[in-house]
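> If it helps, the file is called final_28.csv and holds CSV, C-alpha atoms:
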chain,number,residue,atom,x,y,z
D,171,MET,CA,-133.2,-55.4,-24.4
D,172,ARG,CA,-133.3,-59.2,-24.6
D,173,LEU,CA,-134.9,-61.1,-21.8
D,174,VAL,CA,-134.3,-64.9,-21.5
D,175,ILE,CA,-135.6,-67.2,-18.9
D,176,ALA,CA,-133.6,-70.4,-18.9
D,177,ARG,CA,-132.4,-73.3,-16.9
D,178,CYS,CA,-128.7,-72.6,-17.0
D,179,SER,CA,-125.4,-72.7,-15.2
D,180,VAL,CA,-123.0,-69.8,-15.1
D,181,ASP,CA,-119.2,-69.4,-14.8
D,182,TYR,CA,-117.3,-66.2,-14.4
D,183,GLU,CA,-113.6,-66.4,-15.3
D,184,GLY,CA,-110.9,-63.7,-15.0
D,185,ARG,CA,-109.3,-62.1,-12.1
D,186,LEU,CA,-111.7,-64.1,-10.0
D,187,ARG,CA,-113.7,-67.2,-10.5
D,188,ALA,CA,-117.3,-67.8,-9.6
D,189,HIS,CA,-119.8,-70.6,-10.4
D,190,LEU,CA,-123.6,-70.7,-10.3
D,191,PRO,CA,-124.9,-74.3,-10.5
D,192,LEU,CA,-127.9,-75.3,-12.7
D,193,ALA,CA,-131.1,-73.4,-11.9
D,194,THR,CA,-133.8,-71.4,-13.6
D,195,ARG,CA,-132.7,-67.8,-14.0
D,196,LEU,CA,-133.4,-64.5,-15.9
D,197,LEU,CA,-130.7,-63.5,-18.3
D,198,VAL,CA,-130.8,-59.8,-19.3
D,199,VAL,CA,-128.8,-58.7,-22.4
D,200,LYS,CA,-128.7,-54.9,-22.8
D,201,ALA,CA,-128.0,-52.8,-25.9
D,202,ASP,CA,-124.7,-51.5,-24.3
D,203,GLY,CA,-123.3,-55.1,-24.3
D,204,SER,CA,-123.8,-55.8,-20.7
D,205,VAL,CA,-125.2,-59.2,-19.6
D,206,LEU,CA,-126.8,-59.7,-16.2
D,207,VAL,CA,-127.9,-62.9,-14.4
D,208,HIS,CA,-130.8,-62.7,-12.0
D,209,SER,CA,-132.6,-65.0,-9.7
D,210,ASP,CA,-136.2,-64.7,-8.3
D,211,GLY,CA,-134.9,-63.0,-5.2
D,212,GLY,CA,-132.2,-60.7,-3.9
D,213,SER,CA,-134.1,-57.6,-5.0
D,214,TYR,CA,-132.4,-55.8,-8.0
D,215,LYS,CA,-128.9,-57.2,-7.4
D,216,PRO,CA,-127.8,-59.6,-10.1
D,217,LEU,CA,-126.1,-62.9,-9.2
D,218,ASN,CA,-123.4,-62.2,-11.7
D,219,TRP,CA,-122.8,-59.9,-14.7
D,220,MET,CA,-120.5,-58.7,-17.4
D,221,SER,CA,-120.2,-55.0,-17.8
D,222,PRO,CA,-119.7,-53.2,-21.1
D,223,PRO,CA,-118.0,-53.1,-23.5
D,224,ALA,CA,-118.6,-56.8,-24.1
D,225,VAL,CA,-119.3,-59.2,-26.9
D,226,LEU,CA,-121.8,-62.1,-26.7
D,227,ARG,CA,-121.3,-65.1,-28.9
D,228,THR,CA,-123.5,-68.2,-29.0
D,229,VAL,CA,-121.6,-71.4,-29.7
D,230,GLU,CA,-122.4,-75.0,-30.0
D,231,PRO,CA,-121.8,-77.1,-26.9
D,232,ASP,CA,-118.9,-79.5,-27.0
D,233,GLU,CA,-119.4,-83.2,-26.5
D,234,ASP,CA,-119.2,-83.2,-22.7
D,235,ASP,CA,-121.7,-80.3,-22.5
D,236,ARG,CA,-124.1,-82.1,-24.9
D,237,GLU,CA,-124.0,-85.2,-22.7
D,238,SER,CA,-124.8,-83.0,-19.7
D,239,GLY,CA,-127.9,-81.7,-21.5
D,240,VAL,CA,-126.6,-78.3,-22.7
D,241,GLU,CA,-128.3,-77.0,-25.8
D,242,ALA,CA,-126.4,-73.7,-26.2
D,243,VAL,CA,-123.4,-71.9,-24.7
D,244,TRP,CA,-123.1,-68.1,-24.4
D,245,ARG,CA,-119.6,-66.7,-24.2
D,246,VAL,CA,-119.6,-63.1,-23.1
D,247,GLN,CA,-116.1,-61.6,-23.4
D,248,ASN,CA,-115.2,-58.2,-21.9
D,249,ALA,CA,-113.4,-56.0,-24.6
D,250,LYS,CA,-111.0,-54.4,-22.1
D,251,SER,CA,-109.9,-57.4,-20.0
D,252,ASP,CA,-109.7,-61.2,-19.9
D,253,ASP,CA,-112.9,-61.4,-17.9
D,254,ARG,CA,-115.5,-63.6,-19.4
D,255,LEU,CA,-119.0,-65.0,-18.5
D,256,ILE,CA,-119.9,-68.5,-19.8
D,257,VAL,CA,-123.6,-69.4,-19.6
D,258,ARG,CA,-124.5,-73.0,-20.4
D,259,ILE,CA,-128.2,-73.2,-21.3
D,260,HIS,CA,-130.0,-76.5,-20.7
D,261,GLU,CA,-133.5,-75.3,-21.5
D,262,THR,CA,-134.9,-72.0,-22.9
D,263,ILE,CA,-138.3,-71.2,-21.3
D,264,HIS,CA,-138.7,-67.7,-22.7
D,265,ASP,CA,-136.8,-65.5,-25.1
D,266,SER,CA,-138.0,-62.0,-26.2
D,267,THR,CA,-136.4,-58.8,-27.4
D,268,HIS,CA,-137.8,-55.3,-26.7
D,269,GLU,CA,-136.9,-51.8,-27.9
D,270,LEU,CA,-137.0,-49.5,-24.9
D,271,GLY,CA,-135.9,-46.3,-26.5
D,272,VAL,CA,-133.9,-43.5,-24.9
D,273,ASP,CA,-134.3,-43.4,-21.1
D,274,PRO,CA,-134.7,-39.9,-19.6
D,275,GLY,CA,-132.7,-41.0,-16.5
D,276,LEU,CA,-133.4,-41.0,-12.8
D,277,ILE,CA,-135.2,-37.9,-11.5
D,278,LYS,CA,-134.2,-37.4,-7.9
D,279,ASP,CA,-136.3,-35.7,-5.3
D,280,GLY,CA,-135.4,-32.0,-4.6
D,281,VAL,CA,-133.1,-32.5,-1.7
D,282,GLU,CA,-131.1,-35.4,-3.1
D,283,ALA,CA,-130.7,-33.5,-6.4
D,284,ASP,CA,-129.6,-30.4,-4.6
D,285,LEU,CA,-127.2,-32.4,-2.5
D,286,GLN,CA,-125.6,-33.9,-5.6
D,287,ARG,CA,-125.3,-30.5,-7.3
D,288,LEU,CA,-123.9,-28.8,-4.2
D,289,LEU,CA,-121.4,-31.5,-3.4
D,290,ALA,CA,-120.2,-31.5,-7.0
D,291,GLU,CA,-119.7,-27.8,-6.8
D,292,GLN,CA,-118.0,-28.1,-3.3
D,293,ILE,CA,-116.2,-31.4,-3.9
D,294,GLU,CA,-113.4,-30.4,-1.6
D,295,THR,CA,-115.9,-30.9,1.2
D,296,LEU,CA,-114.8,-34.5,1.0
D,297,GLY,CA,-111.1,-33.7,1.4
D,298,SER,CA,-108.4,-31.4,0.2
D,299,GLY,CA,-107.3,-32.1,-3.3
D,300,PHE,CA,-110.5,-33.8,-4.4
D,301,SER,CA,-111.6,-33.1,-8.0
D,302,LEU,CA,-114.9,-33.8,-9.8
D,303,VAL,CA,-114.9,-36.2,-12.7
D,304,ARG,CA,-118.6,-36.1,-13.4
D,305,ARG,CA,-122.1,-36.4,-11.9
D,306,GLU,CA,-124.4,-39.3,-12.7
D,307,TYR,CA,-121.6,-41.6,-13.9
D,308,MET,CA,-123.4,-44.4,-15.7
D,309,THR,CA,-122.6,-48.1,-15.0
D,310,ALA,CA,-124.3,-51.2,-16.3
D,311,ILE,CA,-126.5,-51.4,-13.2
D,312,GLY,CA,-127.3,-47.7,-12.7
D,313,PRO,CA,-125.7,-44.3,-12.2
D,314,VAL,CA,-123.2,-43.5,-9.5
D,315,ASP,CA,-124.2,-40.1,-8.1
D,316,ILE,CA,-120.7,-38.5,-8.3
D,317,LEU,CA,-117.4,-39.8,-9.6
D,318,ALA,CA,-114.3,-38.0,-8.3
D,319,ARG,CA,-110.6,-38.3,-7.8
D,320,ASP,CA,-108.8,-37.8,-4.5
D,321,ALA,CA,-105.6,-35.9,-3.8
D,322,GLU,CA,-103.6,-39.0,-4.9
D,323,GLY,CA,-105.5,-39.3,-8.1
D,324,ARG,CA,-107.5,-42.4,-7.0
D,325,THR,CA,-111.0,-43.0,-8.3
D,326,VAL,CA,-113.8,-42.3,-5.8
D,327,ALA,CA,-117.4,-43.3,-6.2
D,328,ILE,CA,-119.8,-41.3,-4.1
D,329,GLU,CA,-123.4,-42.4,-3.3
D,330,LEU,CA,-125.7,-39.6,-1.9
D,331,LYS,CA,-128.8,-40.0,0.2
D,332,ARG,CA,-130.9,-37.8,2.4
D,333,ARG,CA,-131.0,-40.5,5.0
D,334,GLY,CA,-128.4,-43.2,4.7
D,335,ASP,CA,-129.5,-46.7,5.5
D,336,ILE,CA,-128.3,-50.2,4.8
D,337,ASP,CA,-129.9,-50.3,1.3
D,338,GLY,CA,-127.7,-47.3,0.3
D,339,VAL,CA,-124.6,-49.1,1.4
D,340,GLU,CA,-125.6,-52.2,-0.5
D,341,GLN,CA,-126.2,-50.1,-3.6
D,342,LEU,CA,-122.7,-48.5,-3.4
D,343,THR,CA,-121.1,-51.9,-2.7
D,344,ARG,CA,-122.6,-53.2,-6.0
D,345,TYR,CA,-121.2,-50.2,-7.9
D,346,LEU,CA,-117.8,-50.7,-6.4
D,347,GLU,CA,-117.7,-54.4,-7.2
D,348,LEU,CA,-118.6,-53.6,-10.8
D,349,MET,CA,-116.3,-50.5,-11.2
D,350,ASN,CA,-113.3,-52.3,-9.7
D,351,ARG,CA,-113.5,-54.8,-12.6
D,352,ASP,CA,-112.6,-51.9,-15.0
D,353,PRO,CA,-108.8,-51.5,-15.2
D,354,LEU,CA,-109.3,-47.9,-16.3
D,355,LEU,CA,-111.0,-47.0,-13.0
D,356,ALA,CA,-109.6,-49.5,-10.5
D,357,PRO,CA,-108.9,-49.3,-7.7
D,358,VAL,CA,-112.1,-47.5,-6.8
D,359,ARG,CA,-113.0,-46.6,-3.2
D,360,GLY,CA,-116.4,-45.5,-2.0
D,361,ILE,CA,-117.8,-42.7,0.1
D,362,PHE,CA,-121.4,-42.9,1.5
D,363,ALA,CA,-122.6,-39.4,2.1
D,364,ALA,CA,-126.0,-38.3,3.6
D,365,GLN,CA,-127.5,-35.8,5.9
D,366,LYS,CA,-128.0,-38.5,8.5
D,367,ILE,CA,-126.5,-42.0,8.5
D,368,LYS,CA,-128.1,-44.8,10.5
D,369,PRO,CA,-125.7,-46.6,12.9
D,370,GLN,CA,-126.3,-49.9,11.2
D,371,ALA,CA,-125.5,-48.4,7.8
D,372,ARG,CA,-122.3,-46.8,9.2
D,373,THR,CA,-121.2,-50.1,10.8
D,374,LEU,CA,-121.8,-52.0,7.5
D,375,ALA,CA,-120.0,-49.4,5.4
D,376,THR,CA,-117.0,-49.3,7.7
D,377,ASP,CA,-116.8,-53.1,7.6
D,378,ARG,CA,-116.7,-52.9,3.8
D,379,GLY,CA,-114.0,-50.2,3.7
D,380,ILE,CA,-116.5,-47.5,2.7
D,381,GLU,CA,-116.0,-44.0,4.2
D,382,CYS,CA,-119.1,-42.3,5.7
D,383,VAL,CA,-119.6,-38.5,5.4
D,384,THR,CA,-122.4,-36.6,7.1
D,385,LEU,CA,-123.4,-33.5,5.0
D,386,ASP,CA,-124.8,-30.3,6.4
D,387,TYR,CA,-127.4,-29.3,3.8
D,388,ASP,CA,-128.1,-25.8,5.2
D,389,GLN,CA,-124.4,-25.0,5.4
D,390,MET,CA,-123.8,-26.2,1.9
D,391,ARG,CA,-126.6,-24.0,0.7
D,392,GLY,CA,-125.1,-21.0,2.5
D,393,VAL,CA,-128.1,-20.4,4.8
D,394,ASP,CA,-126.4,-21.5,8.0
D,395,ASP,CA,-123.1,-19.9,9.1
D,396,SER,CA,-121.5,-22.4,11.4
D,397,ALA,CA,-118.9,-19.9,12.5
D,398,SER,CA,-121.6,-17.7,14.1
D,399,ARG,CA,-123.1,-20.5,16.2
D,400,LEU,CA,-122.7,-20.6,20.0
D,401,PHE,CA,-122.8,-24.4,19.8
Would you kindly transcribe this structure into structure tokens?

Amino acid sequence: MRLVIARCSVDYEGRLRAHLPLATRLLVVKADGSVLVHSDGGSYKPLNWMSPPAVLRTVEPDEDDRESGVEAVWRVQNAKSDDRLIVRIHETIHDSTHELGVDPGLIKDGVEADLQRLLAEQIETLGSGFSLVRREYMTAIGPVDILARDAEGRTVAIELKRRGDIDGVEQLTRYLELMNRDPLLAPVRGIFAAQKIKPQARTLATDRGIECVTLDYDQMRGVDDSASRLF
């Protein structure tokens, strides 16, 4: 992994356009080809990024860029689309490369791990015709708990929590933004599933077009027969 702290401006070009004016930022270049642009705020959410597969080339600035104080230009081209990230570096403050090795992956607590396994096995809990693609679908910014397809064959990203709050909705939103850039997956819709979902999280999810599903953990484990209840 390469970590660069630099004064830079950033432009994203493709199906959408976005511009970050000149400021000091952290640039993360990962071995899988992804490039992420971070500020000193906003928690773990990047300001912009390019998901893999992508190729980074460093080119000399043109005359206009040199006059503006640009010392190097990064051109990050996605291999599957016309999307590109252009980083104009005015000053490099830090540049280091680190070998992280193979990551063992996220180890979830018992209940979340069980929820993921059970929902994968009982994927039609989410609707008739649902089919499992895979658990722990890896993206450039982390693993989506479950990737599935609905009855119409559309891609569905599912984020699982024991207790669903706003942070979980924000996390799923970032996954959806990234995955919808991939023409092989798009359009991707989201489902936020938890044993209990806070009202604020449900409101935010609904506003963003994300479906909320409340899971009955005991029933999924087969220790609670809902048909035998009085209420």
> As an exercise, work out the distance from atom CA of D:Asp320 to atom CA of D:Leu348 in Å and give it to one decimal place.
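Going from atom CA of D:Asp320 over to atom CA of D:Leu348 covers 19.6 Å.
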> Go ahead and compute the interatomic distance for atom CA of D:Ile380 and atom CA of D:Val326, in Å to one decimal.
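Between these atoms lies a distance of 10.3 Å.
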> Would you kindly return, as a ChimeraX atom specification, each protein, DNA or RNA residue with an atom no farther than 12 Å from any atom of D:Gly239, considering all atoms listed in the file and excluding same-chain residues fewer than 3 positions away?
/D:177-179,192,231-236,242-243,258-261
> Restricting the calculation to all atoms listed in the file: of D:Ala327, D:Met171, D:Ala363, D:Ala375, which residue gets closest to D:Met349?
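Among the listed residues, the smallest separation from D:Met349 belongs to D:Ala327.
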> Nearest to D:Tyr387 among D:Ala249, D:Val207, D:Leu288, D:Leu342, with distances taken over only C-alpha atoms: which residue is it?
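Under the stated criterion, the closest residue is D:Leu288.
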> May I have a table of the residues of stretch 220-296 of chain D lying at most 9 Å from stretch 303-318 of chain D, giving each one's closest pair of atoms and their distance in Å to one decimal, counting only C-alpha atoms, ordered by chain and ascending residue number, as a tab-separated table?

residue	atom	partner	partner_atom	distance
D:Met220	CA	D:Ala310	CA	8.5
D:Ser221	CA	D:Ala310	CA	5.8
D:Pro222	CA	D:Ala310	CA	6.9
D:Gly275	CA	D:Pro313	CA	8.9
D:Leu276	CA	D:Pro313	CA	8.4
D:Gln286	CA	D:Asp315	CA	6.8
D:Arg287	CA	D:Arg305	CA	8.1
D:Leu289	CA	D:Ile316	CA	8.6
D:Ala290	CA	D:Ile316	CA	7.1
D:Ile293	CA	D:Ala318	CA	8.2
> How many Å lie between atom CA of D:Leu196 and atom CA of D:Val174, rounded to one decimal?
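Straight-line distance from atom CA of D:Leu196 to atom CA of D:Val174 works out to 5.7 Å.
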> Of the candidates D:Ala176, D:Leu346, D:Ile263, D:Ile256, which shows the shortest atom-to-atom distance to D:His189, using only C-alpha atoms?
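Using only C-alpha atoms, the shortest distance to D:His189 belongs to D:Ile256.
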> Considering all atoms listed in the file, state which residue in the set D:Glu269, D:Glu294, D:Asp377, D:Glu282 is at the smallest distance from D:Arg333.
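Smallest distance to D:Arg333 is found for D:Glu282.
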> For D:Arg324, list every protein, DNA or RNA residue within 8 Å, evaluated using all atoms listed in the file, and leave out those in the same chain fewer than 2 positions away; present the list as an NGL selection string.
:D and (319-322 or 326 or 357-359)
> Would you mind listing what lies within 8 Å of stretch 180-184 of chain D as a PyMOL selection string, with only C-alpha atoms counted and same-chain residues fewer than 3 positions away left out?
chain D and resi 187-192+218+252-258
> Would you mind listing what lies within 12 Å of D:Thr373 as a list in words, with all atoms listed in the file counted and same-chain residues fewer than 2 positions away left out?
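Those residues are Gly334, Asp335, Ile336, Val339, Phe362, Ile367, Lys368, Pro369, Gln370, Ala371, Ala375, Thr376, Asp377, Arg378, Gly379, Ile380, Glu381 and Cys382 of chain D.
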> Taking into account all atoms listed in the file, which residue in the set D:Arg372, D:Lys250, D:Trp244, D:Thr343 is nearest to D:Glu230?
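Ranked by minimum distance to D:Glu230, first place goes to D:Trp244.
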